[in-house]
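Colleague: model.tsv is reproduced below (TSV, C-alpha atoms).
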```tsv
chain	number	residue	atom	x	y	z
A	1	MET	CA	0.00	0.00	0.00
A	2	ARG	CA	1.36	3.42	-0.86
A	3	HIS	CA	1.70	6.00	1.81
A	4	PRO	CA	-0.40	9.09	1.09
A	5	LEU	CA	2.64	11.28	1.56
A	6	ASP	CA	4.48	9.52	-1.30
A	7	GLY	CA	2.34	11.01	-3.93
A	8	HIS	CA	2.38	14.37	-2.23
A	9	GLY	CA	6.15	14.31	-1.83
A	10	SER	CA	6.93	13.51	-5.46
A	11	ARG	CA	4.56	16.24	-6.62
A	12	ALA	CA	6.25	18.73	-4.31
A	13	GLN	CA	9.68	18.00	-5.85
A	14	THR	CA	8.40	19.26	-9.21
A	15	GLY	CA	8.13	22.70	-7.62
A	16	LEU	CA	11.90	23.27	-7.69
A	17	PRO	CA	12.41	23.25	-11.48
A	18	SER	CA	9.39	25.48	-11.97
A	19	LEU	CA	10.79	27.86	-9.35
A	20	ALA	CA	14.08	27.90	-11.23
A	21	VAL	CA	12.27	28.71	-14.48
A	22	ALA	CA	10.27	31.44	-12.75
A	23	LEU	CA	13.38	33.05	-11.29
A	24	LEU	CA	15.14	32.81	-14.65
A	25	VAL	CA	12.23	34.52	-16.38
A	26	LEU	CA	12.16	37.22	-13.68
A	27	THR	CA	15.90	37.81	-14.10
A	28	MET	CA	15.56	38.05	-17.84
A	29	VAL	CA	12.68	40.50	-17.58
A	30	THR	CA	14.64	42.63	-15.13
A	31	GLY	CA	17.66	42.54	-17.41
A	32	ILE	CA	15.59	43.55	-20.43
A	33	GLY	CA	13.99	46.32	-18.39
A	34	LEU	CA	17.38	47.64	-17.32
A	35	ALA	CA	18.65	47.53	-20.89
A	36	MET	CA	15.58	49.41	-22.13
A	37	ALA	CA	15.97	52.04	-19.41
A	38	ASP	CA	19.63	52.42	-20.31
A	39	GLY	CA	18.76	52.79	-23.97
A	40	ALA	CA	16.11	55.36	-23.14
A	41	ILE	CA	18.57	57.42	-21.11
A	42	ARG	CA	21.17	57.20	-23.84
A	43	SER	CA	18.78	58.10	-26.65
A	44	ALA	CA	17.53	61.13	-24.69
A	45	GLU	CA	21.02	62.55	-24.49
A	46	ARG	CA	21.64	65.59	-26.60
A	47	ASP	CA	24.24	68.26	-26.68
A	48	PRO	CA	22.75	71.07	-24.58
A	49	GLY	CA	25.54	73.48	-25.46
A	50	GLU	CA	24.96	73.29	-29.23
A	51	ARG	CA	21.25	73.42	-28.72
A	52	ARG	CA	21.53	76.52	-26.54
A	53	VAL	CA	23.63	78.34	-29.14
A	54	ALA	CA	21.25	77.44	-31.98
A	55	THR	CA	18.12	78.31	-29.99
A	56	SER	CA	19.35	81.65	-28.75
A	57	LEU	CA	20.70	82.69	-32.16
A	58	ALA	CA	17.44	81.68	-33.87
A	59	ALA	CA	15.43	83.57	-31.24
A	60	GLY	CA	17.69	86.61	-31.63
A	61	LEU	CA	17.41	86.62	-35.42
A	62	VAL	CA	13.60	86.65	-35.50
A	63	ALA	CA	13.06	88.90	-32.44
A	64	PRO	CA	11.40	92.28	-33.08
A	65	GLU	CA	14.58	94.16	-32.10
A	66	SER	CA	16.78	92.13	-34.43
A	67	PRO	CA	18.47	94.16	-37.19
A	68	LEU	CA	16.97	91.77	-39.76
A	69	THR	CA	13.30	92.02	-38.87
A	70	GLU	CA	10.52	94.46	-39.62
A	71	ARG	CA	8.49	93.02	-36.78
A	72	ALA	CA	8.60	89.72	-34.93
A	73	ASN	CA	9.19	86.80	-37.31
A	74	VAL	CA	9.12	89.00	-40.43
A	75	LEU	CA	12.52	89.35	-42.07
A	76	ASN	CA	13.40	92.12	-44.47
A	77	GLU	CA	14.74	90.52	-47.62
A	78	SER	CA	17.28	93.20	-48.56
A	79	ARG	CA	18.77	93.21	-45.07
A	80	LEU	CA	18.82	89.44	-45.14
A	81	VAL	CA	20.76	89.51	-48.41
A	82	ASN	CA	23.31	91.84	-46.82
A	83	LEU	CA	23.86	89.52	-43.90
A	84	ASP	CA	27.19	87.76	-43.93
A	85	ALA	CA	29.40	86.00	-41.44
A	86	ASP	CA	31.15	89.18	-40.23
A	87	ARG	CA	27.91	91.05	-39.71
A	88	LEU	CA	26.46	88.05	-37.90
A	89	ARG	CA	29.46	87.87	-35.59
A	90	GLY	CA	29.30	91.60	-34.89
A	91	THR	CA	25.61	91.64	-34.02
A	92	PHE	CA	25.28	88.38	-32.13
A	93	PRO	CA	28.16	87.62	-29.76
A	94	VAL	CA	27.00	84.00	-29.53
A	95	ALA	CA	27.77	83.58	-33.26
A	96	ALA	CA	31.26	84.98	-32.75
A	97	ALA	CA	32.15	82.40	-30.12
A	98	ASN	CA	30.71	79.37	-31.88
A	99	ASP	CA	30.57	77.84	-35.34
A	100	VAL	CA	27.13	78.54	-36.75
A	101	ARG	CA	25.34	78.30	-40.06
A	102	VAL	CA	22.24	80.32	-40.95
A	103	ALA	CA	20.22	79.16	-43.93
A	104	LEU	CA	16.94	80.23	-45.48
A	105	ASP	CA	15.01	77.42	-47.17
A	106	GLY	CA	18.21	75.42	-47.32
A	107	GLN	CA	20.20	78.17	-49.05
A	108	PRO	CA	23.08	79.33	-46.85
A	109	VAL	CA	22.83	82.99	-45.81
A	110	ALA	CA	25.71	83.38	-43.39
A	111	VAL	CA	28.19	80.65	-42.60
A	112	THR	CA	30.98	80.83	-40.04
A	113	ASP	CA	31.78	77.16	-40.47
A	114	ASP	CA	31.21	74.91	-43.45
A	115	ARG	CA	30.94	71.56	-41.72
A	116	THR	CA	27.56	69.90	-41.93
A	117	ARG	CA	27.19	68.46	-38.45
A	118	GLY	CA	25.57	70.03	-35.44
A	119	THR	CA	22.20	70.78	-33.92
A	120	THR	CA	19.70	72.59	-36.12
A	121	ILE	CA	16.83	74.77	-34.95
A	122	ARG	CA	14.22	75.72	-37.55
A	123	ARG	CA	11.91	78.74	-37.42
A	124	LEU	CA	9.07	79.49	-39.79
A	125	VAL	CA	9.38	83.12	-40.89
A	126	LEU	CA	7.95	85.56	-43.41
A	127	VAL	CA	10.37	87.23	-45.78
A	128	GLU	CA	9.18	90.68	-46.73
A	129	ASN	CA	10.21	92.37	-49.95
A	130	ARG	CA	9.33	96.05	-50.49
A	131	THR	CA	9.34	97.21	-54.08
A	132	THR	CA	8.07	100.22	-55.96
A	133	GLN	CA	5.68	99.44	-58.79
A	134	ARG	CA	4.63	101.86	-61.51
A	135	LEU	CA	1.15	101.95	-62.94
A	136	GLU	CA	-0.17	104.01	-65.84
A	137	PRO	CA	-3.85	103.21	-65.89
A	138	ALA	CA	-6.11	103.76	-68.85
A	139	LEU	CA	-9.09	105.28	-67.05
A	140	GLY	CA	-12.50	104.18	-68.24
A	141	TRP	CA	-15.65	106.24	-68.17
A	142	GLN	CA	-15.93	105.65	-64.39
A	143	ARG	CA	-12.39	107.00	-63.93
A	144	ARG	CA	-11.57	104.36	-61.37
A	145	VAL	CA	-8.46	102.35	-60.84
A	146	THR	CA	-7.77	99.67	-58.23
A	147	LEU	CA	-4.22	99.27	-57.03
A	148	PRO	CA	-3.33	95.61	-57.61
A	149	ARG	CA	-1.46	95.22	-54.31
A	150	ARG	CA	-1.81	96.67	-50.86
A	151	GLY	CA	0.92	99.07	-49.91
A	152	TYR	CA	1.91	101.67	-47.39
A	153	ARG	CA	2.00	104.71	-49.66
A	154	ALA	CA	1.69	105.83	-53.28
A	155	THR	CA	2.99	108.71	-55.33
A	156	LEU	CA	0.42	110.09	-57.72
A	157	THR	CA	1.60	112.12	-60.71
A	158	LEU	CA	-1.10	114.05	-62.55
A	159	SER	CA	-0.39	115.58	-65.94
A	160	PRO	CA	-3.82	116.16	-67.46
A	161	PRO	CA	-4.32	117.82	-70.86
A	162	VAL	CA	-4.46	121.63	-70.75
A	163	GLU	CA	-8.22	121.85	-71.19
A	164	THR	CA	-8.96	119.35	-68.40
A	165	ASP	CA	-9.06	120.18	-64.68
A	166	VAL	CA	-8.76	117.26	-62.25
A	167	THR	CA	-10.59	118.55	-59.18
A	168	THR	CA	-10.81	115.57	-56.80
A	169	VAL	CA	-8.99	112.33	-56.19
A	170	SER	CA	-10.59	109.98	-53.70
A	171	ALA	CA	-9.01	106.85	-52.24
A	172	SER	CA	-11.42	104.09	-51.18
A	173	GLY	CA	-14.32	106.53	-51.02
A	174	ARG	CA	-12.49	109.18	-48.97
A	175	VAL	CA	-11.38	112.41	-50.60
A	176	ALA	CA	-7.60	112.42	-50.66
A	177	LEU	CA	-6.88	115.44	-52.87
A	178	HIS	CA	-9.11	118.30	-53.89
A	179	ASP	CA	-8.50	121.59	-55.70
A	180	ASP	CA	-11.18	123.49	-57.63
A	181	GLY	CA	-8.46	125.15	-59.72
A	182	GLY	CA	-7.23	121.78	-61.01
A	183	LEU	CA	-4.66	119.35	-59.60
A	184	SER	CA	-1.36	118.88	-61.36
A	185	GLY	CA	2.05	117.54	-60.40
A	186	SER	CA	3.13	114.90	-57.89
A	187	TYR	CA	1.29	114.07	-54.68
A	188	GLU	CA	2.07	111.65	-51.87
A	189	LEU	CA	-0.86	109.52	-50.77
A	190	PRO	CA	-0.63	107.57	-47.52
A	191	LEU	CA	-2.51	104.30	-47.91
A	192	SER	CA	-3.91	101.72	-45.59
A	193	ARG	CA	-2.01	98.45	-45.54
A	194	TYR	CA	-5.15	96.62	-44.51
A	195	GLU	CA	-7.46	97.25	-47.43
A	196	THR	CA	-7.21	97.32	-51.18
A	197	THR	CA	-7.21	100.90	-52.43
A	198	LYS	CA	-9.57	102.13	-55.16
A	199	LEU	CA	-8.67	105.52	-56.62
A	200	ARG	CA	-11.35	107.62	-58.28
A	201	PHE	CA	-10.72	110.76	-60.31
A	202	VAL	CA	-13.14	113.60	-60.91
A	203	ALA	CA	-12.31	115.79	-63.90
A	204	ASN	CA	-14.20	118.12	-66.20
A	205	GLY	CA	-12.68	116.88	-69.43
A	206	PRO	CA	-11.05	113.89	-71.08
A	207	LEU	CA	-8.21	112.03	-69.31
A	208	PRO	CA	-6.24	110.18	-71.99
A	209	PRO	CA	-3.84	107.40	-70.98
A	210	GLY	CA	-0.63	108.84	-69.54
A	211	SER	CA	-2.29	111.69	-67.69
A	212	VAL	CA	-2.20	109.69	-64.44
A	213	THR	CA	0.84	107.79	-63.21
A	214	ILE	CA	0.83	105.95	-59.91
A	215	GLU	CA	3.93	104.64	-58.17
A	216	TYR	CA	3.11	102.54	-55.17
A	217	GLY	CA	5.13	100.71	-52.61
A	218	ALA	CA	4.19	97.06	-52.72
A	219	ILE	CA	4.90	94.61	-49.93
A	220	ARG	CA	5.41	91.04	-50.95
A	221	THR	CA	5.85	88.39	-48.31
A	222	ARG	CA	6.62	84.74	-48.66
A	223	LYS	CA	6.94	81.99	-46.13
A	224	ALA	CA	10.34	80.49	-45.53
A	225	THR	CA	12.14	78.31	-43.05
A	226	LEU	CA	15.06	79.85	-41.24
A	227	SER	CA	17.41	77.19	-39.98
A	228	VAL	CA	20.25	77.84	-37.57
A	229	THR	CA	22.83	75.11	-37.08
A	230	ALA	CA	25.37	75.27	-34.29
A	231	ASP	CA	28.41	73.08	-34.02
A	232	GLY	CA	29.82	73.46	-30.53
B	1	MET	CA	10.07	5.39	7.03
B	2	ASP	CA	10.19	8.44	9.32
B	3	ASN	CA	12.12	10.55	6.77
B	4	ARG	CA	9.35	10.41	4.18
B	5	ALA	CA	7.56	13.23	5.91
B	6	VAL	CA	10.75	15.29	5.80
B	7	ALA	CA	10.77	15.61	1.98
B	8	PRO	CA	8.20	18.44	1.69
B	9	VAL	CA	9.85	20.32	4.54
B	10	VAL	CA	13.22	20.12	2.80
B	11	GLU	CA	11.66	21.24	-0.47
B	12	LYS	CA	9.95	24.23	1.10
B	13	THR	CA	13.12	25.20	2.96
B	14	LEU	CA	15.12	24.98	-0.25
B	15	THR	CA	12.54	27.11	-2.04
B	16	ILE	CA	12.59	29.74	0.68
B	17	GLY	CA	16.38	29.77	0.65
B	18	ILE	CA	16.64	30.08	-3.13
B	19	VAL	CA	14.06	32.87	-3.31
B	20	ALA	CA	15.76	34.72	-0.45
B	21	LEU	CA	19.14	34.40	-2.18
B	22	PHE	CA	17.63	35.55	-5.46
B	23	LEU	CA	16.03	38.59	-3.83
B	24	ALA	CA	19.25	39.47	-2.05
B	25	GLY	CA	21.26	39.18	-5.22
B	26	MET	CA	18.74	41.15	-7.26
B	27	THR	CA	18.52	43.91	-4.65
B	28	THR	CA	22.28	44.18	-4.43
B	29	THR	CA	22.68	44.32	-8.20
B	30	LEU	CA	19.92	46.88	-8.68
B	31	PHE	CA	20.55	49.22	-5.78
B	32	GLY	CA	24.28	48.68	-5.64
B	33	GLY	CA	25.00	49.30	-9.31
B	34	ALA	CA	22.30	49.69	-11.91
B	35	VAL	CA	19.96	52.19	-10.24
B	36	PRO	CA	22.64	54.62	-8.96
B	37	ALA	CA	24.35	54.44	-12.35
B	38	ALA	CA	21.08	55.31	-14.10
B	39	ARG	CA	20.40	58.14	-11.62
B	40	ASP	CA	23.91	59.47	-12.16
B	41	ALA	CA	23.52	59.34	-15.93
B	42	THR	CA	20.16	61.13	-15.77
B	43	ALA	CA	21.40	63.69	-13.27
B	44	GLU	CA	24.45	64.43	-15.40
B	45	SER	CA	22.25	65.05	-18.41
B	46	ILE	CA	19.83	67.19	-16.41
B	47	GLY	CA	22.73	69.12	-14.91
B	48	ASP	CA	24.08	69.90	-18.38
B	49	ARG	CA	20.67	71.10	-19.51
B	50	VAL	CA	20.17	73.25	-16.41
B	51	LEU	CA	23.55	74.84	-16.97
B	52	ALA	CA	22.77	75.45	-20.65
B	53	LEU	CA	19.39	76.93	-19.71
B	54	ALA	CA	20.96	79.22	-17.11
B	55	THR	CA	23.61	80.36	-19.61
B	56	GLU	CA	20.98	81.03	-22.25
B	57	ARG	CA	18.82	83.03	-19.85
B	58	VAL	CA	21.76	85.14	-18.68
B	59	GLU	CA	22.76	85.84	-22.28
B	60	GLN	CA	19.18	86.70	-23.24
B	61	ALA	CA	18.80	89.05	-20.26
B	62	ILE	CA	21.11	91.55	-21.94
B	63	PRO	CA	19.28	93.55	-24.63
B	64	PRO	CA	20.98	93.47	-28.04
B	65	ASN	CA	23.11	96.43	-29.10
B	66	ALA	CA	22.66	98.07	-25.71
B	67	THR	CA	25.20	100.04	-23.73
B	68	HIS	CA	22.68	101.54	-21.29
B	69	ALA	CA	20.10	99.17	-20.00
B	70	THR	CA	18.43	98.03	-16.83
B	71	ALA	CA	16.78	94.66	-16.86
B	72	ARG	CA	15.46	92.16	-14.38
B	73	THR	CA	14.81	88.68	-15.72
B	74	ARG	CA	13.48	85.84	-13.64
B	75	VAL	CA	14.98	82.46	-14.43
B	76	ASP	CA	13.12	79.25	-13.68
B	77	LEU	CA	15.47	76.48	-12.65
B	78	PRO	CA	14.55	73.06	-11.24
B	79	PRO	CA	14.77	73.10	-7.43
B	80	THR	CA	16.77	69.87	-7.18
B	81	ILE	CA	18.90	67.61	-9.33
B	82	ARG	CA	19.10	63.95	-8.21
B	83	GLY	CA	17.13	64.90	-5.10
B	84	GLU	CA	19.64	67.44	-3.89
B	85	GLY	CA	19.98	71.20	-4.09
B	86	TYR	CA	22.77	72.81	-6.06
B	87	ALA	CA	24.34	76.17	-6.71
B	88	ILE	CA	25.20	78.04	-9.90
B	89	ALA	CA	27.97	80.57	-9.46
B	90	THR	CA	30.02	82.68	-11.80
B	91	ASP	CA	33.78	82.98	-11.94
B	92	GLY	CA	33.79	86.10	-14.10
B	93	ARG	CA	33.75	84.35	-17.50
B	94	SER	CA	31.67	81.23	-17.05
B	95	LEU	CA	28.81	79.77	-15.09
B	96	VAL	CA	29.80	76.91	-12.81
B	97	LEU	CA	27.37	74.26	-11.57
B	98	ASP	CA	28.15	73.05	-8.07
B	99	HIS	CA	26.37	69.89	-6.90
B	100	PRO	CA	27.03	67.53	-3.97
B	101	SER	CA	27.23	64.55	-6.33
B	102	ASP	CA	30.47	64.11	-8.24
B	103	ALA	CA	28.67	63.01	-11.38
B	104	VAL	CA	26.88	66.35	-11.74
B	105	GLY	CA	28.74	69.52	-12.50
B	106	GLY	CA	30.25	71.53	-15.24
B	107	ARG	CA	31.22	74.89	-16.56
B	108	SER	CA	29.70	76.84	-19.40
B	109	ARG	CA	31.34	79.80	-21.06
B	110	LEU	CA	29.15	82.92	-21.19
B	111	VAL	CA	29.13	84.83	-24.45
B	112	LEU	CA	28.26	88.43	-23.67
B	113	PRO	CA	28.57	91.73	-25.55
B	114	GLU	CA	31.71	93.78	-25.00
B	115	ALA	CA	29.72	96.38	-23.09
B	116	VAL	CA	29.43	93.97	-20.16
B	117	THR	CA	32.18	94.74	-17.68
B	118	SER	CA	31.46	92.42	-14.79
B	119	ILE	CA	29.46	89.32	-13.89
B	120	THR	CA	28.98	88.60	-10.20
B	121	GLY	CA	26.75	86.68	-7.83
B	122	SER	CA	25.44	83.16	-7.50
B	123	TRP	CA	22.19	81.25	-7.36
B	124	GLN	CA	21.11	78.64	-4.85
B	125	SER	CA	18.46	76.33	-6.26
B	126	GLY	CA	14.98	76.39	-4.77
B	127	GLY	CA	14.74	80.16	-4.45
B	128	VAL	CA	13.62	82.85	-6.87
B	129	THR	CA	16.53	83.33	-9.22
B	130	VAL	CA	16.92	86.62	-11.08
B	131	VAL	CA	19.40	88.10	-13.53
B	132	VAL	CA	19.94	91.80	-12.89
B	133	VAL	CA	21.49	93.95	-15.62
B	134	ASP	CA	22.48	97.51	-14.63
B	135	SER	CA	24.31	100.37	-16.28
B	136	THR	CA	27.40	101.90	-14.76
B	137	ALA	CA	29.83	104.48	-16.06
B	138	GLY	CA	32.04	101.83	-17.67
B	139	GLY	CA	29.33	99.67	-19.18
B	140	LEU	CA	26.89	97.01	-18.09
B	141	THR	CA	27.07	94.86	-14.99
B	142	VAL	CA	25.36	91.52	-14.70
B	143	GLU	CA	24.48	90.04	-11.35
B	144	LEU	CA	22.95	86.69	-10.45
B	145	ARG	CA	20.68	87.45	-7.52
B	146	GLU	CA	18.10	85.64	-5.42
B	147	GLY	CA	14.79	86.64	-4.00
B	148	THR	CA	13.85	89.97	-5.54
B	149	VAL	CA	12.55	90.70	-8.99
```
Any chance you could give the structure as structure tokens?

Modeller:
Amino acid sequence: MRHPLDGHGSRAQTGLPSLAVALLVLTMVTGIGLAMADGAIRSAERDPGERRVATSLAAGLVAPESPLTERANVLNESRLVNLDADRLRGTFPVAAANDVRVALDGQPVAVTDDRTRGTTIRRLVLVENRTTQRLEPALGWQRRVTLPRRGYRATLTLSPPVETDVTTVSASGRVALHDDGGLSGSYELPLSRYETTKLRFVANGPLPPGSVTIEYGAIRTRKATLSVTADG
Amino acid sequence: MDNRAVAPVVEKTLTIGIVALFLAGMTTTLFGGAVPAARDATAESIGDRVLALATERVEQAIPPNATHATARTRVDLPPTIRGEGYAIATDGRSLVLDHPSDAVGGRSRLVLPEAVTSITGSWQSGGVTVVVVDSTAGGLTVELREGTV
């Protein structure tokens, strides 16, 4: 007859291998966890010095008080074209002490170092281009002309035929110039940048093409990516 | 036939012993090596970033192209690194991070305009940390100060 404890005892001995397997699995899981944590720490490492230089130079370039900007984040194109490495070093001390590269849409603007490594900070900016456009409208029977672009000012040159007197010029419904004796010569018109300007002429005779010339300052902006790379 | 009943007792004792050994070994490995190493690595990285942040804030506190300026800039720094307080001091050219742990520390060169004549003061973490820029006859002075804005 078998003792009841026999069966119990032999079953209990099977516990040891399963314990060993359990401990092995636990060790492996811990090891994998440690390795993952280590990898996470290592992958989160970055060069804070390079990053600081790139961030502060990028912030300085697009700040409202920067010599390049018209207002915050809007760069003046002609001043941007004039920017070179010496000017960059003179204006931003951080660029003088470190190797930096400034590029607009991938095209280098100012480079104090031509290596391609380093930390890059990108800023979305507007590049503003101010030009003067000349318009010689052929006025129809309504004697109206709409300026094709918004601008900050316009120069109006009136040279009507001798028998015609231009008495009033109105811009967007408001009287801008008026003289009962007839307007002639050049006049400066301040314009609103926030609405499209319609000019209307009132005259007591014919206005052939060429009797009105308008020169207006046009602002063109385009979006661009300013990238600053620092190699510390 | 008396020792038959001993077998389960021996097995349980063995199990308890093995598990205790395993726990001891695991605890020693983790808290003796792996965890402090990970904390050191993280703290070193955080220390570098804090120092870079402090340097950036000090450099930004000075207005561009200015020879006469007064500015107060508050700088937010983490109160502790690796559970301990630290100090950031200046030695005239650089910012120096001083931390009780050997793994954390460093020095970062300040790049300032020529108008700046002196950099003084220090910050103790946990307080309100402020950069004070003032004009003097010779140029600008920069001071790391605590407590007042």

Colleague: Which of these residues is nearest to chain B, using all atoms listed in the file: A:Val109, A:Val125, A:Val29, A:Ala97?

Modeller: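 That would be A:Ala97, the residue with the smallest distance to chain B.
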
Colleague: As an exercise, work out the distance from CA of Val175 in chain A to CA of Tyr187 in chain A in Å and give it to one decimal place.

Modeller: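 Distance reported for this atom pair: 13.4 Å.
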
Colleague: Check which residues of chain B sit at most 6 Å from chain A using all atoms listed in the file, and return one row each with the closest pair of atoms and their distance in Å to one decimal, ordered by chain and rising number, as a Markdown table.

Modeller:
```
| residue | atom | partner | partner_atom | distance |
| --- | --- | --- | --- | --- |
| B:Pro8 | CA | A:Gly9 | CA | 5.8 |
| B:Arg49 | CA | A:Pro48 | CA | 5.5 |
| B:Ala52 | CA | A:Pro48 | CA | 5.9 |
| B:Val111 | CA | A:Val94 | CA | 5.6 |
| B:Pro113 | CA | A:Pro93 | CA | 5.9 |
```

Colleague: Have a look at B:Thr129, B:Thr28, B:Thr136, B:Thr90 and name the one nearest to Gly106 in chain B; count all atoms listed in the file.

Modeller: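 Closest to Gly106 in chain B, using all atoms listed in the file: B:Thr90.
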
Colleague: Interatomic distance between CA of Glu128 in chain A and CA of Arg193 in chain A?

Modeller: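 Separation of CA of Glu128 in chain A and CA of Arg193 in chain A: 13.7 Å.
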
Colleague: Between A:Asp231, A:Val25, A:Arg222, A:Ala54, single out the one closest to Glu56 in chain B, counting only C-alpha atoms.

Modeller: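 With only C-alpha atoms as the atom set, the closest residue is A:Ala54.
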
Colleague: Might I get the box with edges along x, y and z of the file that holds all atoms of range 102-118 of chain B listed there, padded by 4 Å on every side, given as centre and edge lengths in Å to one decimal, as AutoDock Vina command-line options?

Modeller:
```
--center_x 29.5 --center_y 79.7 --center_z -16.9 --size_x 13.3 --size_y 41.4 --size_z 25.3
```
